[in-house]
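What follows is upload.csv (CSV, C-alpha atoms).
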chain,number,residue,atom,x,y,z
Q,1,MET,CA,-14.6,-3.3,-23.3
Q,2,VAL,CA,-16.8,-5.6,-21.3
Q,3,MET,CA,-15.8,-9.2,-21.5
Q,4,ASN,CA,-18.4,-11.9,-21.7
Q,5,PRO,CA,-18.6,-13.5,-18.3
Q,6,GLY,CA,-19.7,-16.7,-20.0
Q,7,LYS,CA,-16.2,-17.2,-21.3
Q,8,VAL,CA,-14.9,-17.5,-17.8
Q,9,SER,CA,-17.9,-19.5,-16.4
Q,10,SER,CA,-17.6,-22.0,-19.1
Q,11,GLN,CA,-14.5,-23.3,-17.3
Q,12,ASP,CA,-16.8,-24.6,-14.7
Q,13,SER,CA,-19.6,-26.1,-16.7
Q,14,THR,CA,-21.2,-28.1,-13.8
Q,15,GLU,CA,-24.1,-26.6,-11.9
Q,16,SER,CA,-22.1,-26.3,-8.7
Q,17,GLY,CA,-19.4,-24.6,-10.8
Q,18,ASP,CA,-21.9,-22.1,-12.0
Q,19,GLN,CA,-23.1,-21.5,-8.5
Q,20,ASP,CA,-19.5,-20.9,-7.3
Q,21,TYR,CA,-18.9,-18.6,-10.2
Q,22,GLN,CA,-22.0,-16.5,-9.4
Q,23,GLN,CA,-21.1,-16.3,-5.7
Q,24,LEU,CA,-17.5,-15.3,-6.5
Q,25,ARG,CA,-18.7,-12.8,-9.0
Q,26,ASN,CA,-21.2,-11.3,-6.6
Q,27,GLN,CA,-18.4,-10.8,-4.0
Q,28,LEU,CA,-16.0,-9.2,-6.4
Q,29,GLU,CA,-18.8,-7.0,-7.7
Q,30,ARG,CA,-19.7,-5.8,-4.2
Q,31,ALA,CA,-16.0,-5.1,-3.4
Q,32,VAL,CA,-15.4,-3.1,-6.6
Q,33,ARG,CA,-18.6,-1.1,-6.3
Q,34,GLN,CA,-17.8,-0.1,-2.7
Q,35,ILE,CA,-14.7,1.9,-3.6
Q,36,CYS,CA,-14.8,2.5,-7.4
Q,37,PRO,CA,-14.4,6.2,-7.9
Q,38,HIS,CA,-17.2,8.0,-9.7
Q,39,TRP,CA,-15.1,8.7,-12.8
Q,40,LEU,CA,-14.4,4.9,-13.1
Q,41,ARG,CA,-18.0,3.7,-12.6
Q,42,ASP,CA,-18.3,2.9,-16.3
Q,43,LYS,CA,-15.4,0.5,-15.9
Q,44,ALA,CA,-16.7,-1.3,-12.8
Q,45,GLU,CA,-17.9,-4.2,-14.9
Q,46,ASP,CA,-14.5,-4.6,-16.6
Q,47,LEU,CA,-12.8,-4.4,-13.2
Q,48,VAL,CA,-14.9,-7.2,-11.8
Q,49,GLN,CA,-14.0,-9.2,-14.9
Q,50,VAL,CA,-10.3,-8.5,-14.5
Q,51,ALA,CA,-10.5,-9.6,-10.8
Q,52,LEU,CA,-12.4,-12.7,-11.8
Q,53,ILE,CA,-9.7,-13.7,-14.3
Q,54,ARG,CA,-7.0,-13.2,-11.6
Q,55,VAL,CA,-8.9,-15.4,-9.2
Q,56,PHE,CA,-9.4,-18.1,-11.8
Q,57,GLU,CA,-5.7,-17.9,-12.7
Q,58,ILE,CA,-4.7,-18.4,-9.1
Q,59,ARG,CA,-7.1,-21.3,-8.8
Q,60,ARG,CA,-5.8,-22.8,-12.0
Q,61,LYS,CA,-2.2,-22.6,-10.7
Q,62,SER,CA,-3.3,-24.3,-7.5
Q,63,GLU,CA,-5.1,-27.0,-9.6
Q,64,GLY,CA,-8.5,-26.0,-8.1
Q,65,ASP,CA,-7.5,-26.7,-4.5
Q,66,ARG,CA,-7.4,-23.1,-3.4
Q,67,ASN,CA,-10.1,-21.7,-1.1
Q,68,PHE,CA,-10.7,-18.0,-1.2
Q,69,SER,CA,-11.6,-16.1,1.9
Q,70,SER,CA,-13.6,-13.0,1.3
Q,71,SER,CA,-10.7,-10.8,2.5
Q,72,TYR,CA,-8.6,-12.4,-0.2
Q,73,LEU,CA,-11.2,-11.7,-2.9
Q,74,TRP,CA,-11.5,-8.1,-1.8
Q,75,ARG,CA,-7.8,-7.8,-2.0
Q,76,VAL,CA,-7.9,-9.0,-5.6
Q,77,ALA,CA,-10.7,-6.6,-6.4
Q,78,TYR,CA,-8.7,-3.7,-4.8
Q,79,SER,CA,-5.5,-4.5,-6.7
Q,80,ALA,CA,-7.4,-4.7,-10.0
Q,81,LEU,CA,-8.8,-1.3,-9.3
Q,82,ILE,CA,-5.5,0.3,-8.3
Q,83,ASP,CA,-3.7,-1.2,-11.2
Q,84,GLU,CA,-6.3,0.3,-13.5
Q,85,ILE,CA,-6.0,3.7,-11.9
Q,86,ARG,CA,-2.2,3.5,-12.3
Q,87,ARG,CA,-2.6,2.4,-15.9
Q,88,LEU,CA,-4.8,5.5,-16.6
Q,89,ARG,CA,-2.4,7.8,-14.8
Q,90,ARG,CA,0.5,6.5,-16.7
Q,91,ARG,CA,-1.4,7.1,-19.9
Q,92,LYS,CA,-2.2,10.6,-18.7
Q,93,GLU,CA,1.5,11.4,-18.4
Q,94,THR,CA,2.2,10.3,-21.9
Q,95,ASP,CA,-1.0,10.7,-23.9
Q,96,VAL,CA,-3.6,13.3,-24.7
Q,97,PRO,CA,-6.3,13.1,-22.0
Q,98,ASP,CA,-9.1,10.9,-23.0
Q,99,GLU,CA,-12.8,10.9,-22.1
Q,100,GLU,CA,-12.4,9.1,-18.8
Q,101,LEU,CA,-9.6,11.4,-17.6
Q,102,GLU,CA,-11.5,14.4,-18.6
Q,103,ARG,CA,-14.4,13.1,-16.5
Q,104,GLU,CA,-12.1,12.6,-13.6
Q,105,ALA,CA,-10.9,16.2,-13.9
Q,106,LEU,CA,-14.5,17.4,-13.9
Q,107,VAL,CA,-15.4,15.4,-10.8
Q,108,GLN,CA,-12.3,16.6,-8.9
Q,109,ASP,CA,-12.4,20.1,-10.2
Q,110,PRO,CA,-15.7,21.8,-9.6
Q,111,ASP,CA,-14.0,25.1,-8.9
Q,112,PRO,CA,-10.7,25.2,-10.8
Q,113,GLU,CA,-9.2,28.1,-8.7
Q,114,ALA,CA,-10.0,26.4,-5.4
Q,115,PHE,CA,-8.7,23.1,-6.8
Q,116,VAL,CA,-5.4,24.7,-7.9
Q,117,ALA,CA,-5.0,26.5,-4.5
Q,118,GLY,CA,-5.8,23.2,-2.6
Q,119,THR,CA,-3.3,21.3,-4.8
Q,120,GLN,CA,-0.6,23.8,-4.1
Q,121,ILE,CA,-1.1,23.6,-0.3
Q,122,GLY,CA,-1.2,19.8,-0.7
Q,123,GLU,CA,2.2,19.9,-2.5
Q,124,GLY,CA,3.5,22.2,0.3
Q,125,ILE,CA,2.3,19.7,2.9
Q,126,GLN,CA,4.1,16.8,1.1
Q,127,GLN,CA,7.3,18.8,1.0
Q,128,CYS,CA,7.1,19.9,4.6
Q,129,LEU,CA,6.4,16.3,5.7
Q,130,GLN,CA,9.7,15.2,4.2
Q,131,LYS,CA,11.4,17.6,6.6
Q,132,LEU,CA,10.0,15.8,9.7
Q,133,VAL,CA,11.8,12.9,11.3
Q,134,VAL,CA,10.5,9.6,10.1
Q,135,SER,CA,8.3,8.6,13.0
Q,136,ARG,CA,6.7,12.0,13.2
Q,137,ARG,CA,6.2,12.0,9.4
Q,138,MET,CA,4.4,8.6,9.5
Q,139,ALA,CA,2.2,9.6,12.4
Q,140,MET,CA,1.3,12.9,10.6
Q,141,THR,CA,0.7,11.1,7.3
Q,142,LEU,CA,-1.9,8.8,8.9
Q,143,TYR,CA,-3.4,11.7,10.8
Q,144,LEU,CA,-3.8,13.7,7.6
Q,145,GLN,CA,-5.3,10.7,6.0
Q,146,GLY,CA,-8.1,10.9,8.5
Q,147,TYR,CA,-6.9,8.5,11.3
Q,148,SER,CA,-7.6,9.3,14.9
Q,149,VAL,CA,-4.6,9.3,17.2
Q,150,PRO,CA,-5.5,5.8,18.7
Q,151,SER,CA,-6.1,4.3,15.3
Q,152,ALA,CA,-2.8,5.7,13.9
Q,153,ALA,CA,-1.0,4.3,17.0
Q,154,GLU,CA,-2.5,0.9,16.3
Q,155,VAL,CA,-1.3,0.9,12.7
Q,156,LEU,CA,2.1,2.1,13.6
Q,157,GLY,CA,2.5,-0.2,16.5
Q,158,PHE,CA,3.4,2.8,18.8
Q,159,SER,CA,1.8,3.6,22.1
Q,160,ALA,CA,-1.1,6.1,22.0
Q,161,LYS,CA,0.9,8.6,24.2
Q,162,LYS,CA,3.9,8.5,21.8
Q,163,THR,CA,1.6,8.9,18.8
Q,164,GLU,CA,-0.2,11.8,20.3
Q,165,ASN,CA,3.2,13.5,21.0
Q,166,LEU,CA,4.4,12.8,17.4
Q,167,VAL,CA,1.2,14.3,16.0
Q,168,TYR,CA,1.3,17.3,18.3
Q,169,ARG,CA,4.9,18.2,17.5
Q,170,GLY,CA,4.4,17.2,13.8
Q,171,LEU,CA,1.4,19.6,13.5
Q,172,GLN,CA,3.5,22.4,15.0
Q,173,GLN,CA,6.4,21.8,12.7
Q,174,LEU,CA,4.1,21.4,9.7
Q,175,ARG,CA,2.4,24.8,10.3
Q,176,GLU,CA,5.7,26.6,10.8
Q,177,CYS,CA,7.0,25.1,7.5
Q,178,LEU,CA,3.8,26.0,5.6
Q,179,SER,CA,4.0,29.6,6.9
Q,180,LYS,CA,7.5,29.9,5.6
Q,181,LYS,CA,6.3,28.8,2.2
Q,182,GLY,CA,3.6,31.5,2.3
Q,183,PHE,CA,0.6,29.3,3.1
Q,184,LYS,CA,-1.6,30.2,6.0
Q,185,PRO,CA,-2.6,26.7,7.3
G,186,MET,CA,-10.7,26.1,19.3
G,187,LYS,CA,-13.2,26.0,16.5
G,188,GLU,CA,-10.7,27.8,14.3
G,189,ASP,CA,-8.1,25.2,15.1
G,190,LEU,CA,-10.5,22.4,14.1
G,191,LYS,CA,-11.2,24.2,10.8
G,192,SER,CA,-7.6,24.6,10.2
G,193,LEU,CA,-7.0,20.9,10.8
G,194,ASP,CA,-9.8,20.0,8.4
G,195,ARG,CA,-8.2,22.3,5.8
G,196,LEU,CA,-4.8,20.6,6.2
G,197,LYS,CA,-6.4,17.2,5.9
G,198,GLU,CA,-8.4,18.2,2.8
G,199,ALA,CA,-5.3,19.8,1.2
G,200,PHE,CA,-3.1,16.8,1.8
G,201,GLN,CA,-5.8,14.5,0.4
G,202,SER,CA,-6.0,16.5,-2.8
G,203,ALA,CA,-2.3,16.5,-3.4
G,204,GLU,CA,-1.5,14.4,-6.5
G,205,SER,CA,1.7,16.0,-7.6
G,206,ALA,CA,5.3,15.1,-6.9
G,207,MET,CA,4.3,11.6,-7.9
G,208,PRO,CA,7.4,9.4,-8.1
G,209,ALA,CA,7.9,7.1,-11.0
G,210,LEU,CA,5.4,4.3,-10.7
G,211,GLU,CA,8.2,1.7,-10.6
G,212,THR,CA,9.0,2.9,-7.1
G,213,CYS,CA,5.5,2.6,-5.8
G,214,PRO,CA,4.5,-0.4,-3.6
G,215,ALA,CA,2.4,-3.0,-5.3
G,216,ALA,CA,-1.4,-2.6,-4.9
G,217,GLU,CA,-1.4,-5.8,-2.8
G,218,ASP,CA,1.2,-4.3,-0.4
G,219,LEU,CA,-0.8,-1.1,0.0
G,220,TRP,CA,-3.8,-3.3,0.9
G,221,ASP,CA,-1.9,-5.5,3.3
G,222,ALA,CA,-0.3,-2.5,5.0
G,223,GLN,CA,-3.6,-0.8,5.5
G,224,LYS,CA,-5.2,-4.0,6.8
G,225,GLY,CA,-2.3,-4.6,9.2
G,226,LEU,CA,-1.1,-7.7,7.4
G,227,LEU,CA,2.4,-6.6,6.8
G,228,SER,CA,5.3,-6.7,9.2
G,229,ARG,CA,5.8,-3.5,11.1
G,230,THR,CA,8.9,-2.6,9.1
G,231,GLN,CA,7.2,-3.1,5.7
G,232,CYS,CA,4.1,-1.3,6.9
G,233,HIS,CA,6.2,1.7,8.0
G,234,ALA,CA,8.0,1.8,4.6
G,235,VAL,CA,4.6,1.9,2.8
G,236,ILE,CA,3.2,4.6,5.1
G,237,ASP,CA,6.4,6.7,4.6
G,238,HIS,CA,6.0,6.3,0.8
G,239,THR,CA,2.4,7.6,1.0
G,240,SER,CA,3.7,10.8,2.7
G,241,ARG,CA,5.3,11.9,-0.6
G,242,CYS,CA,3.2,10.1,-3.2
G,243,GLY,CA,-0.3,11.5,-3.7
G,244,ALA,CA,-1.4,8.6,-5.8
G,245,CYS,CA,-0.5,6.0,-3.3
G,246,ALA,CA,-2.0,8.1,-0.5
G,247,ASN,CA,-5.2,8.1,-2.5
G,248,ALA,CA,-5.0,4.3,-2.9
G,249,TRP,CA,-4.5,3.9,0.8
G,250,ARG,CA,-7.7,5.8,1.4
G,251,LEU,CA,-9.5,3.6,-1.0
G,252,ALA,CA,-8.4,0.6,1.0
G,253,MET,CA,-9.6,2.3,4.2
G,254,GLY,CA,-13.0,2.5,2.6
G,255,MET,CA,-13.1,-1.2,1.7
G,256,ASP,CA,-14.4,-3.4,4.5
G,257,PRO,CA,-14.7,-7.1,3.6
G,258,SER,CA,-15.8,-8.1,7.1
G,259,GLU,CA,-19.5,-8.2,6.1
G,260,SER,CA,-18.9,-10.7,3.3
G,261,GLU,CA,-19.3,-14.5,3.4
G,262,SER,CA,-16.3,-16.6,2.5
G,263,PHE,CA,-16.2,-18.3,-0.8
G,264,SER,CA,-14.9,-21.8,-1.2
G,265,GLY,CA,-13.7,-22.0,-4.8
G,266,GLY,CA,-14.1,-25.2,-6.7
G,267,THR,CA,-15.9,-27.2,-4.0
G,268,GLY,CA,-19.5,-26.3,-4.8
G,269,ALA,CA,-20.1,-25.7,-1.1
G,270,GLU,CA,-23.2,-23.6,-0.4
G,271,VAL,CA,-23.0,-20.5,1.7
G,272,ILE,CA,-25.0,-21.2,4.9
G,273,ARG,CA,-27.0,-18.3,6.1
G,274,PHE,CA,-27.9,-18.3,9.8
G,275,ARG,CA,-31.4,-16.8,10.3
G,276,TRP,CA,-30.8,-16.3,14.0
G,277,MET,CA,-27.8,-14.2,13.3
G,278,THR,CA,-28.4,-10.6,14.1
G,279,PRO,CA,-26.2,-8.0,12.4
G,280,ALA,CA,-24.4,-7.3,15.7
G,281,VAL,CA,-23.7,-11.0,16.2
G,282,ALA,CA,-22.6,-11.4,12.6
G,283,LEU,CA,-20.4,-8.4,12.9
G,284,ALA,CA,-18.7,-9.7,16.1
G,285,ILE,CA,-18.2,-13.1,14.5
G,286,ALA,CA,-16.8,-11.6,11.3
G,287,ALA,CA,-14.5,-9.4,13.4
G,288,VAL,CA,-13.1,-12.4,15.2
G,289,LEU,CA,-12.7,-14.3,11.9
G,290,VAL,CA,-11.0,-11.4,10.2
G,291,THR,CA,-8.6,-11.0,13.1
G,292,ALA,CA,-7.8,-14.7,13.1
G,293,PHE,CA,-7.3,-14.6,9.4
G,294,ALA,CA,-5.1,-11.5,9.7
G,295,ILE,CA,-2.9,-13.2,12.3
G,296,GLN,CA,-2.7,-16.4,10.3
G,297,PHE,CA,-2.0,-14.5,7.1
G,298,GLN,CA,0.6,-12.4,8.7
G,299,ARG,CA,2.4,-15.5,10.0
G,300,GLN,CA,2.3,-17.0,6.5
G,301,ARG,CA,3.2,-13.9,4.7
G,302,SER,CA,6.1,-12.8,6.8
G,303,PRO,CA,7.3,-15.7,8.7
G,304,ILE,CA,10.6,-14.0,9.2
G,305,PRO,CA,10.1,-10.3,10.0
G,306,PRO,CA,13.2,-8.3,9.2
G,307,GLU,CA,13.8,-7.3,12.9
G,308,VAL,CA,14.3,-11.0,13.5
G,309,THR,CA,16.2,-11.8,10.4
G,310,TYR,CA,19.1,-9.5,11.2
G,311,ARG,CA,22.1,-11.7,10.7
G,312,ASP,CA,19.7,-14.7,10.9
G,313,SER,CA,20.7,-17.9,9.3
G,314,LEU,CA,17.1,-18.3,8.1
G,315,ALA,CA,17.4,-15.4,5.7
G,316,ASP,CA,17.8,-16.4,2.1
G,317,GLN,CA,21.5,-16.8,1.3
G,318,ASP,CA,20.7,-16.7,-2.5
G,319,ILE,CA,20.8,-12.9,-2.2
G,320,GLN,CA,24.2,-11.5,-1.5
G,321,SER,CA,25.5,-8.0,-1.3
G,322,ALA,CA,27.8,-7.1,-4.2
G,323,ILE,CA,29.6,-4.5,-2.0
G,324,PRO,CA,32.0,-5.6,0.7
G,325,ASN,CA,30.3,-5.6,4.1
G,326,LEU,CA,31.1,-2.5,6.2
G,327,SER,CA,32.7,-0.7,3.3
G,328,THR,CA,32.3,3.1,3.1
G,329,LEU,CA,30.2,4.7,0.4
G,330,PRO,CA,30.0,8.3,-0.6
G,331,ARG,CA,26.9,10.4,0.1
G,332,ASN,CA,26.4,11.4,-3.5
G,333,ALA,CA,26.7,7.8,-4.7
G,334,PHE,CA,25.4,5.6,-1.9
G,335,THR,CA,24.6,2.8,-4.3
G,336,LEU,CA,23.6,-0.6,-3.0
G,337,GLU,CA,24.0,-3.6,-5.2
G,338,TRP,CA,23.1,-7.3,-4.7
G,339,LYS,CA,23.7,-10.5,-6.5
G,340,HIS,CA,20.9,-13.1,-6.9
G,341,ASN,CA,20.0,-16.3,-8.7
G,342,PHE,CA,16.4,-15.4,-9.4
G,343,SER,CA,14.7,-15.3,-12.8
G,344,GLN,CA,14.2,-12.1,-14.7
G,345,SER,CA,10.6,-11.8,-13.5
G,346,ALA,CA,11.8,-11.2,-10.0
G,347,THR,CA,11.5,-7.7,-8.6
G,348,PHE,CA,13.1,-6.3,-5.4
G,349,ASP,CA,12.1,-4.1,-2.5
G,350,VAL,CA,14.9,-2.6,-0.5
G,351,GLN,CA,14.8,-0.9,2.9
G,352,VAL,CA,17.6,1.1,4.3
G,353,LYS,CA,17.8,1.9,8.0
G,354,THR,CA,20.0,3.4,10.7
G,355,GLU,CA,21.4,1.4,13.6
G,356,THR,CA,18.4,2.5,15.6
G,357,LEU,CA,16.1,1.1,12.9
G,358,GLU,CA,14.9,4.6,11.7
G,359,PRO,CA,14.0,4.2,8.0
G,360,VAL,CA,16.3,6.2,5.7
G,361,ALA,CA,15.0,5.1,2.3
G,362,SER,CA,13.0,2.4,0.6
G,363,ALA,CA,12.1,1.4,-2.9
G,364,PHE,CA,9.7,-1.1,-4.3
G,365,ARG,CA,9.5,-3.3,-7.3
G,366,LEU,CA,13.0,-2.5,-8.6
G,367,PRO,CA,13.6,-4.5,-11.7
G,368,GLU,CA,17.4,-4.8,-11.1
G,369,GLY,CA,19.7,-5.5,-8.1
G,370,ARG,CA,20.7,-2.0,-7.5
G,371,PHE,CA,19.4,1.0,-5.6
G,372,THR,CA,21.0,4.4,-5.0
G,373,VAL,CA,19.9,6.1,-1.7
G,374,PRO,CA,18.9,9.7,-2.6
G,375,GLU,CA,21.5,12.1,-1.3
G,376,GLU,CA,18.8,14.3,0.5
G,377,ASN,CA,17.8,11.3,2.6
G,378,LEU,CA,21.4,11.2,3.9
G,379,ALA,CA,21.7,14.9,4.6
G,380,ASN,CA,20.9,14.7,8.3
G,381,LEU,CA,23.1,11.7,9.0
G,382,PRO,CA,26.7,12.3,10.3
G,383,SER,CA,29.7,10.8,8.6
G,384,GLY,CA,30.5,7.3,9.8
G,385,THR,CA,26.8,6.4,10.3
G,386,ARG,CA,26.3,2.6,9.7
G,387,LEU,CA,23.4,1.9,7.4
G,388,PHE,CA,21.6,-1.4,7.5
G,389,TRP,CA,19.9,-2.6,4.4
G,390,GLN,CA,17.8,-5.6,3.4
G,391,VAL,CA,16.3,-6.8,0.2
G,392,VAL,CA,12.9,-8.6,-0.4
G,393,VAL,CA,12.6,-10.6,-3.5
G,394,ARG,CA,9.2,-11.0,-5.1
G,395,ILE,CA,8.5,-13.6,-7.7
G,396,ASP,CA,5.2,-13.4,-9.6
G,397,GLY,CA,4.3,-10.5,-7.3
G,398,GLU,CA,3.5,-13.0,-4.5
G,399,GLN,CA,6.4,-14.9,-3.1
G,400,LEU,CA,8.7,-13.3,-0.6
G,401,LYS,CA,12.3,-14.0,0.2
G,402,TRP,CA,14.3,-12.0,2.6
G,403,SER,CA,18.0,-11.3,2.2
G,404,PRO,CA,20.4,-11.2,5.2
G,405,THR,CA,20.9,-7.7,6.5
G,406,PHE,CA,23.9,-5.9,5.0
G,407,VAL,CA,25.8,-3.0,6.5
G,408,ASN,CA,27.6,-0.1,4.8
G,409,VAL,CA,29.1,3.0,6.2
G,410,LEU,CA,28.3,6.6,5.2
G,411,GLU,CA,31.4,8.6,4.2
Please re-express this file's structure in structure tokens.
Amino acid sequence: MVMNPGKVSSQDSTESGDQDYQQLRNQLERAVRQICPHWLRDKAEDLVQVALIRVFEIRRKSEGDRNFSSSYLWRVAYSALIDEIRRLRRRKETDVPDEELEREALVQDPDPEAFVAGTQIGEGIQQCLQKLVVSRRMAMTLYLQGYSVPSAAEVLGFSAKKTENLVYRGLQQLRECLSKKGFKP
Amino acid sequence: MKEDLKSLDRLKEAFQSAESAMPALETCPAAEDLWDAQKGLLSRTQCHAVIDHTSRCGACANAWRLAMGMDPSESESFSGGTGAEVIRFRWMTPAVALAIAAVLVTAFAIQFQRQRSPIPPEVTYRDSLADQDIQSAIPNLSTLPRNAFTLEWKHNFSQSATFDVQVKTETLEPVASAFRLPEGRFTVPEENLANLPSGTRLFWQVVVRIDGEQLKWSPTFVNVLE
């Protein structure tokens, strides 16, 4: 369902209000489009609308005094997106898959066998990570998410040397653990 | 060497495709917390708790990657309700704009972090600034069994309040954490305590959220592992 943007913009009926509304909308639109997964593209417009409503709600609570930095707007757009993904997943757990979720499966699953094998190793990695000491686990998690060692160090607030060591030992332990589970990493 | 790199890529790819073993959504951090953690806007302790959660929750790990892909630094700021026009500087080259944006974002991040977590948990330990409206319902330093290490707290907040709880060892190693609990009670999973010797003192602290935004920190409470 796509809501009529006019409903929201009518709250600010002056010309400057319309201009504000358009700028705000453009920013939220840009934010949503940058990360919206393929399978949710059809819902991008709805997500922008949800984010807009949230921003207007915050503004209403602050009696119109609130200024929004772009970082804040992107955060609102992000949370609207994640909440929607979570809502769909919750439905997936309880309901029969619908069209959107089937589309998601198709996008994620071009080769079903490879997908299942990859998912199994993924689960194995998650289980093995839980056997690591916490600092090693955190460093490894970021590393597996695609962070370089220096970037992971920055996020964790550790020194680069310490992080390098954590990743090095973590990788060793992870490989040993996966081998025991029958996976050849 | 090449083989090593391939193997690393395979590991990363497999981890990023893992969706299973998803904990109940009630225990997942709020989307705003995932964003703040990824953007370096949370305190170190809170950020660590979120990262640790993503190590076992494929959905949140995926959400973290989405935040990685979102870069607001190129956008202009929006001044809601003032009607102010966005000024575009024609002399501004992309490199200059990027540099200015980076400085502004860093300044905003620092300011936001100060506002958001004025009392980081490391500092609030037995600090009088912590919110005294949240009190442990278990006697301080009492011993709790491994199979029922249940933490409870009393509070005066409305029913819309939710709670995050973090449990740590004396050396501040995270033991367990939970997010958005609807009630003042949390049981530390027994497997999280498996490697800790009897008599270990566990420190725990509660964060109260109201309307998903406001933060209030409890004092730090201590209980002992049987």
Inset, instruction - To one decimal in Å, tell me the separation between CA of Val391 (chain G) and CA of Met140 (chain Q). - result: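 CA of Met140 (chain Q) lies 26.9 Å from CA of Val391 (chain G).
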Legend entry - Residue contacts of Ser327 (chain G) (10 Å, all atoms listed in the file) excluding same-chain residues fewer than 5 positions away, as a PyMOL selection string: chain G and resi 386+407-411
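Of the residues listed (G:Asp256, G:Cys213, G:His340, G:Leu193), G:Cys213 shows the shortest atom-to-atom separation from Ala244 (chain G); distances use all atoms listed in the file.
CA of Arg90 (chain Q) is positioned 28.0 Å from CA of Lys131 (chain Q).
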Inset, instruction - Work out how far CA of Ala222 (chain G) is from CA of Ala80 (chain Q), in Å to one decimal. - result: 16.7 Å
Inset, instruction - With a distance cut-off of 9 Å and all atoms listed in the file, select the neighbouring residues of region 73-77 of chain Q, excluding the residue or stretch itself and same-chain residues fewer than 6 positions from it, and output the selection as a PyMOL selection string. - result: (chain Q and resi 24+27-32+47-48+50-52+54-55) or (chain G and resi 216-217+220-221+252+255-257+262-263)
Selection to disk with C-alpha atoms, as a PDB file, in the frame of the given file:
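Dumped to result_4.pdb:
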ATOM      1  CA  LEU Q  24     -17.500 -15.300  -6.500  1.00  0.00           C
ATOM      2  CA  GLN Q  27     -18.400 -10.800  -4.000  1.00  0.00           C
ATOM      3  CA  LEU Q  28     -16.000  -9.200  -6.400  1.00  0.00           C
ATOM      4  CA  GLU Q  29     -18.800  -7.000  -7.700  1.00  0.00           C
ATOM      5  CA  ARG Q  30     -19.700  -5.800  -4.200  1.00  0.00           C
ATOM      6  CA  ALA Q  31     -16.000  -5.100  -3.400  1.00  0.00           C
ATOM      7  CA  VAL Q  32     -15.400  -3.100  -6.600  1.00  0.00           C
ATOM      8  CA  LEU Q  47     -12.800  -4.400 -13.200  1.00  0.00           C
ATOM      9  CA  VAL Q  48     -14.900  -7.200 -11.800  1.00  0.00           C
ATOM     10  CA  VAL Q  50     -10.300  -8.500 -14.500  1.00  0.00           C
ATOM     11  CA  ALA Q  51     -10.500  -9.600 -10.800  1.00  0.00           C
ATOM     12  CA  LEU Q  52     -12.400 -12.700 -11.800  1.00  0.00           C
ATOM     13  CA  ARG Q  54      -7.000 -13.200 -11.600  1.00  0.00           C
ATOM     14  CA  VAL Q  55      -8.900 -15.400  -9.200  1.00  0.00           C
TER      15      VAL Q  55
ATOM     16  CA  ALA G 216      -1.400  -2.600  -4.900  1.00  0.00           C
ATOM     17  CA  GLU G 217      -1.400  -5.800  -2.800  1.00  0.00           C
ATOM     18  CA  TRP G 220      -3.800  -3.300   0.900  1.00  0.00           C
ATOM     19  CA  ASP G 221      -1.900  -5.500   3.300  1.00  0.00           C
ATOM     20  CA  ALA G 252      -8.400   0.600   1.000  1.00  0.00           C
ATOM     21  CA  MET G 255     -13.100  -1.200   1.700  1.00  0.00           C
ATOM     22  CA  ASP G 256     -14.400  -3.400   4.500  1.00  0.00           C
ATOM     23  CA  PRO G 257     -14.700  -7.100   3.600  1.00  0.00           C
ATOM     24  CA  SER G 262     -16.300 -16.600   2.500  1.00  0.00           C
ATOM     25  CA  PHE G 263     -16.200 -18.300  -0.800  1.00  0.00           C
TER      26      PHE G 263
END
Inset, instruction - Counting only C-alpha atoms, figure out which residue out of G:Thr335, G:Gln344, G:Thr328, G:Ser362 gets nearest to Thr385 (chain G). - result: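 When distances to Thr385 (chain G) are compared using only C-alpha atoms, the smallest one comes from G:Thr328.
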Legend entry - Residue neighbourhood Arg175 (chain Q), 8 Å, all atoms listed in the file, exclusion window fewer than 3 positions, as number ranges by chain: Q: 171-172, 178-179, 184-185
Can you write just those residues out, C-alpha atoms, as a compact mmCIF listing (two decimals), keeping the file's coordinate frame?
# COMPACT_ATOMS: atom_id res chain seq x y z
CA LEU Q 171 1.40 19.60 13.50
CA GLN Q 172 3.50 22.40 15.00
CA LEU Q 178 3.80 26.00 5.60
CA SER Q 179 4.00 29.60 6.90
CA LYS Q 184 -1.60 30.20 6.00
CA PRO Q 185 -2.60 26.70 7.30
Legend entry - Counting all atoms listed in the file, the residue of Q:Arg136, Q:Phe183, Q:Asn26, Q:Glu57 that sits nearest Ala152 (chain Q): Q:Arg136
